[in-house]
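Since the structure comes first, as structure tokens, the remarks are kept for the end.
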Amino acid sequence: MERFNNKVVVITGAGSGMGASSAQRFAQEGAKVVLVGRTQAKLDATLARLAPGDHLAVQADVAQREAVHQLAEKVLQHYGQVDVLVNNAGIHAQGKAHEASDETWKKVMSVDLDGVFYCIRAFMPALLKSRGNIINISSVSGLGGDWGMSIYNAAKGAITNFTRSLAMDYGADGVRVNAICPGFTFTDMTKDMKQNQAVLEKFYDRIPLGRAGEPEDVAAAIAFLASDDARYITGVNLPVDGGITAANGQPHL
Ligand code: NAP
């Protein structure tokens, strides 16, 4: 399947996890992929695993407005077009709100929220030209609350609603905007949890499909929403969560 031949796909946070896996998926399907992240070595490692193509690795911090501006200039200079933007870069924080520092709040908001805004603003002119689309990586944590993650919930909840409004504002211009809401997925972000059998069992008890997500599960859904197969879909926040958000919250007896 080569749904992305001649398409340029920009993926933030592409040095690991879902971003790296999506890069592989898009490249397999014919795309020219732009890998964005803060750590060059991680981007290079992802680049080395991609199916051959005119790909680019660009070191940039999405939380820095000027860096994102330069990233967009560089990408447009190289390809002259952008067809898909995947806003995947993200960090999380744990703990109760009243114990959190200003620094923690600002750090999460600057990557998870400012970063998405800066990238959308910088790439929208190109997406309007190509009648392209945007995939934001929100979370099941953007659909409901978690214990001990309220700052992350605030940021991802904002992405969920940002996605809906953007879909409304740009639909008439032919630009679709959707979000993926992954559940618990094995990546660098969750590597400590993967080592903790008690935590894993608690998750497995709540996930109808009985396992954690793999980055490839999320990449497949991202590629679907970004492709013409999803041409009449915009403004959705699609859970890719093994069914965890199907529950109404009552205990698993
Ligand atoms: P991950 O492996 O840690 O990937 C996140 C990537 O973002 C890293 O490669 C990181 O690389 C990059 N990044 C972080 N801050 C950045 C910045 N300021 N500028 C550019 N790149 C930055 O974790 P992941 O699970 O794949 O996370 C991908 C997305 O999924 C995130 O938005 C996360 O919130 C979301 N998510 C994850 C889960 C889960 O269970 N894993 C569930 C729901 C949603 P550098 O540090 O090198 O820049």
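Convention: chains lettered A, B, ... in structure tokens order; per-chain residue numbering from 1; ligands numbered from 1 as shown.
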
Can you build me a table of chain A residues sitting at most 6 Å from ligand 1, with the closest atom pair per residue and its distance in Å to one decimal, using only C-alpha atoms and all ligand atoms, sorted by chain and residue number, as a tab-separated table?
residue	atom	partner	partner_atom_place_in_ligand_line	distance
A:Thr12	CA	ligand 1	21 (N)	5.7
A:Gly13	CA	ligand 1	7 (O)	3.4
A:Ala14	CA	ligand 1	9 (O)	5.4
A:Gly15	CA	ligand 1	9 (O)	4.1
A:Ser16	CA	ligand 1	9 (O)	4.2
A:Gly17	CA	ligand 1	26 (O)	3.4
A:Met18	CA	ligand 1	26 (O)	3.9
A:Gly19	CA	ligand 1	26 (O)	5.8
A:Gly37	CA	ligand 1	21 (N)	3.7
A:Arg38	CA	ligand 1	48 (O)	3.5
A:Thr39	CA	ligand 1	47 (O)	3.8
A:Ala60	CA	ligand 1	20 (C)	5.8
A:Asp61	CA	ligand 1	19 (N)	3.5
A:Val62	CA	ligand 1	19 (N)	4.0
A:Ala63	CA	ligand 1	18 (N)	5.0
A:Asn88	CA	ligand 1	32 (O)	4.7
A:Ala89	CA	ligand 1	7 (O)	3.7
A:Gly90	CA	ligand 1	32 (O)	3.5
A:Ile91	CA	ligand 1	34 (O)	5.4
A:Val111	CA	ligand 1	18 (N)	4.9
A:Ile137	CA	ligand 1	32 (O)	5.3
A:Ser138	CA	ligand 1	44 (C)	5.8
A:Ser139	CA	ligand 1	43 (C)	4.1
A:Pro182	CA	ligand 1	43 (C)	4.2
A:Gly183	CA	ligand 1	42 (C)	4.8
A:Phe184	CA	ligand 1	40 (O)	3.7
A:Thr185	CA	ligand 1	40 (O)	3.8
A:Phe186	CA	ligand 1	41 (N)	5.7
A:Thr187	CA	ligand 1	25 (O)	4.8
A:Asp188	CA	ligand 1	2 (O)	4.2
A:Met189	CA	ligand 1	3 (O)	4.2
A:Thr190	CA	ligand 1	41 (N)	5.4

DSSP on the backbone, then: every residue of stretch 2-251 of chain A marked alpha helix (DSSP H), written as a ChimeraX atom specification. /A:17-28,40-48,65-79,102-109,115-130,150-170,191-194,197-206,215-226

Take the residues from that selection and write them out as a tab-separated table (two decimals), in the first residue's frame, keeping C-alpha atoms.
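And here is the file that came out, result33.tsv:
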chain	number	residue	atom	x	y	z
A	17	GLY	CA	7.96	5.76	20.41
A	18	MET	CA	4.88	6.56	18.38
A	19	GLY	CA	6.64	9.27	16.38
A	20	ALA	CA	9.41	6.91	15.24
A	21	SER	CA	6.92	4.16	14.48
A	22	SER	CA	4.73	6.55	12.47
A	23	ALA	CA	7.78	7.70	10.53
A	24	GLN	CA	8.44	4.08	9.57
A	25	ARG	CA	4.84	3.54	8.57
A	26	PHE	CA	4.65	6.69	6.41
A	27	ALA	CA	7.99	5.91	4.73
A	28	GLN	CA	6.82	2.34	4.00
A	40	GLN	CA	19.91	14.46	16.85
A	41	ALA	CA	21.18	10.96	17.69
A	42	LYS	CA	17.62	9.68	18.19
A	43	LEU	CA	16.48	11.23	14.92
A	44	ASP	CA	19.44	9.70	13.09
A	45	ALA	CA	18.61	6.27	14.53
A	46	THR	CA	15.00	6.59	13.30
A	47	LEU	CA	16.20	7.84	9.92
A	48	ALA	CA	18.42	4.79	9.52
A	65	ARG	CA	8.65	29.67	18.51
A	66	GLU	CA	11.72	30.71	16.51
A	67	ALA	CA	12.96	27.13	16.16
A	68	VAL	CA	9.59	26.07	14.75
A	69	HIS	CA	9.60	29.00	12.36
A	70	GLN	CA	13.07	27.97	11.11
A	71	LEU	CA	11.95	24.35	10.86
A	72	ALA	CA	9.05	25.32	8.57
A	73	GLU	CA	11.36	27.45	6.42
A	74	LYS	CA	13.85	24.62	6.09
A	75	VAL	CA	11.18	22.06	5.18
A	76	LEU	CA	9.57	24.34	2.60
A	77	GLN	CA	12.92	25.23	1.10
A	78	HIS	CA	13.76	21.55	0.70
A	79	TYR	CA	10.42	20.17	-0.53
A	102	ASP	CA	5.51	26.83	38.07
A	103	GLU	CA	8.31	25.21	36.14
A	104	THR	CA	6.50	21.88	35.82
A	105	TRP	CA	3.28	23.56	34.69
A	106	LYS	CA	5.08	25.73	32.14
A	107	LYS	CA	7.24	22.89	30.83
A	108	VAL	CA	4.27	20.63	30.12
A	109	MET	CA	2.22	23.44	28.60
A	115	GLY	CA	4.46	23.31	20.56
A	116	VAL	CA	1.29	22.17	18.81
A	117	PHE	CA	0.13	25.75	18.31
A	118	TYR	CA	3.51	26.90	16.94
A	119	CYS	CA	3.69	24.00	14.48
A	120	ILE	CA	0.12	24.48	13.27
A	121	ARG	CA	0.68	28.19	12.78
A	122	ALA	CA	3.97	27.67	10.95
A	123	PHE	CA	2.77	24.88	8.64
A	124	MET	CA	-0.82	25.97	8.00
A	125	PRO	CA	-0.02	28.13	4.94
A	126	ALA	CA	1.58	25.10	3.27
A	127	LEU	CA	-1.26	22.80	4.36
A	128	LEU	CA	-3.81	25.24	2.93
A	129	LYS	CA	-1.96	25.07	-0.39
A	130	SER	CA	-1.77	21.28	-0.44
A	150	SER	CA	-4.02	16.83	36.23
A	151	ILE	CA	-1.48	19.05	34.48
A	152	TYR	CA	-1.06	16.54	31.66
A	153	ASN	CA	-4.87	16.17	31.59
A	154	ALA	CA	-5.21	19.94	31.23
A	155	ALA	CA	-2.77	20.06	28.31
A	156	LYS	CA	-4.20	17.05	26.47
A	157	GLY	CA	-7.79	18.16	27.13
A	158	ALA	CA	-6.91	21.43	25.42
A	159	ILE	CA	-5.53	19.53	22.42
A	160	THR	CA	-8.75	17.54	22.17
A	161	ASN	CA	-10.87	20.67	21.91
A	162	PHE	CA	-8.31	22.58	19.82
A	163	THR	CA	-8.62	19.76	17.30
A	164	ARG	CA	-12.40	20.16	17.08
A	165	SER	CA	-12.26	23.93	16.57
A	166	LEU	CA	-9.48	23.73	14.00
A	167	ALA	CA	-11.51	21.17	12.06
A	168	MET	CA	-14.40	23.63	11.97
A	169	ASP	CA	-12.27	26.62	10.97
A	170	TYR	CA	-10.33	24.92	8.19
A	191	LYS	CA	9.27	2.51	30.34
A	192	ASP	CA	9.24	2.61	34.16
A	193	MET	CA	5.68	1.30	34.22
A	194	LYS	CA	6.63	-1.54	31.91
A	197	GLN	CA	4.31	-5.90	37.26
A	198	ALA	CA	1.77	-4.58	39.80
A	199	VAL	CA	1.11	-1.49	37.64
A	200	LEU	CA	0.85	-3.60	34.48
A	201	GLU	CA	-1.72	-5.89	36.09
A	202	LYS	CA	-3.84	-2.92	37.10
A	203	PHE	CA	-3.81	-1.68	33.51
A	204	TYR	CA	-4.54	-5.10	32.01
A	205	ASP	CA	-7.54	-5.39	34.31
A	206	ARG	CA	-8.99	-2.20	32.81
A	215	PRO	CA	3.67	2.21	18.96
A	216	GLU	CA	2.76	0.38	15.73
A	217	ASP	CA	-0.91	0.20	16.85
A	218	VAL	CA	-0.95	3.98	17.07
A	219	ALA	CA	1.04	4.49	13.85
A	220	ALA	CA	-1.53	2.47	11.90
A	221	ALA	CA	-4.35	4.71	13.12
A	222	ILE	CA	-2.34	7.88	12.42
A	223	ALA	CA	-1.66	6.71	8.86
A	224	PHE	CA	-5.35	5.93	8.35
A	225	LEU	CA	-6.52	9.36	9.52
A	226	ALA	CA	-3.81	11.09	7.46

So how far away is atom CA of A:Ile244 from atom CA of A:Ile180, in Å?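 Taking atom CA of A:Ile180 and atom CA of A:Ile244, their separation equals 14.0 Å.
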
List as a ChimeraX atom specification the protein and nucleic acid residues near stretch 133-136 of chain A, meaning an atom at most 6 Å away when only C-alpha atoms are counted, but skip any in the same chain fewer than 3 places from it. /A:84-87,175-179

Extract, using only C-alpha atoms, all DNA, RNA and protein residues at most 9 Å from A:Gly242, discarding same-chain residues fewer than 2 positions from it, and format them as an NGL selection string. :A and (182-184 or 207-213 or 239-240 or 244-245)

With only C-alpha atoms as the atoms that count, which of A:Ala31, A:Ala246, A:Glu2, A:Arg131 lies nearest to A:Leu50?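 Distance minimum relative to A:Leu50 lands on A:Ala31.
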
Pick the closest to A:Ala230 from A:Gly30, A:Gly142, A:Pro52, A:Gly132: which is it, counting only C-alpha atoms?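 For A:Ala230, the nearest of the given residues is A:Gly132.
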
Residues of stretch 51-161 of chain A in strand (DSSP E or B) according to DSSP, as a VMD selection string? chain A and resid 56 to 59 84 to 87 95 133 to 137 149

Please, what distance in Å, to one decimal, runs between atom CA of A:Met149 and atom CA of A:Lys96?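 One can read the atom CA of A:Met149 to atom CA of A:Lys96 distance as 7.0 Å.
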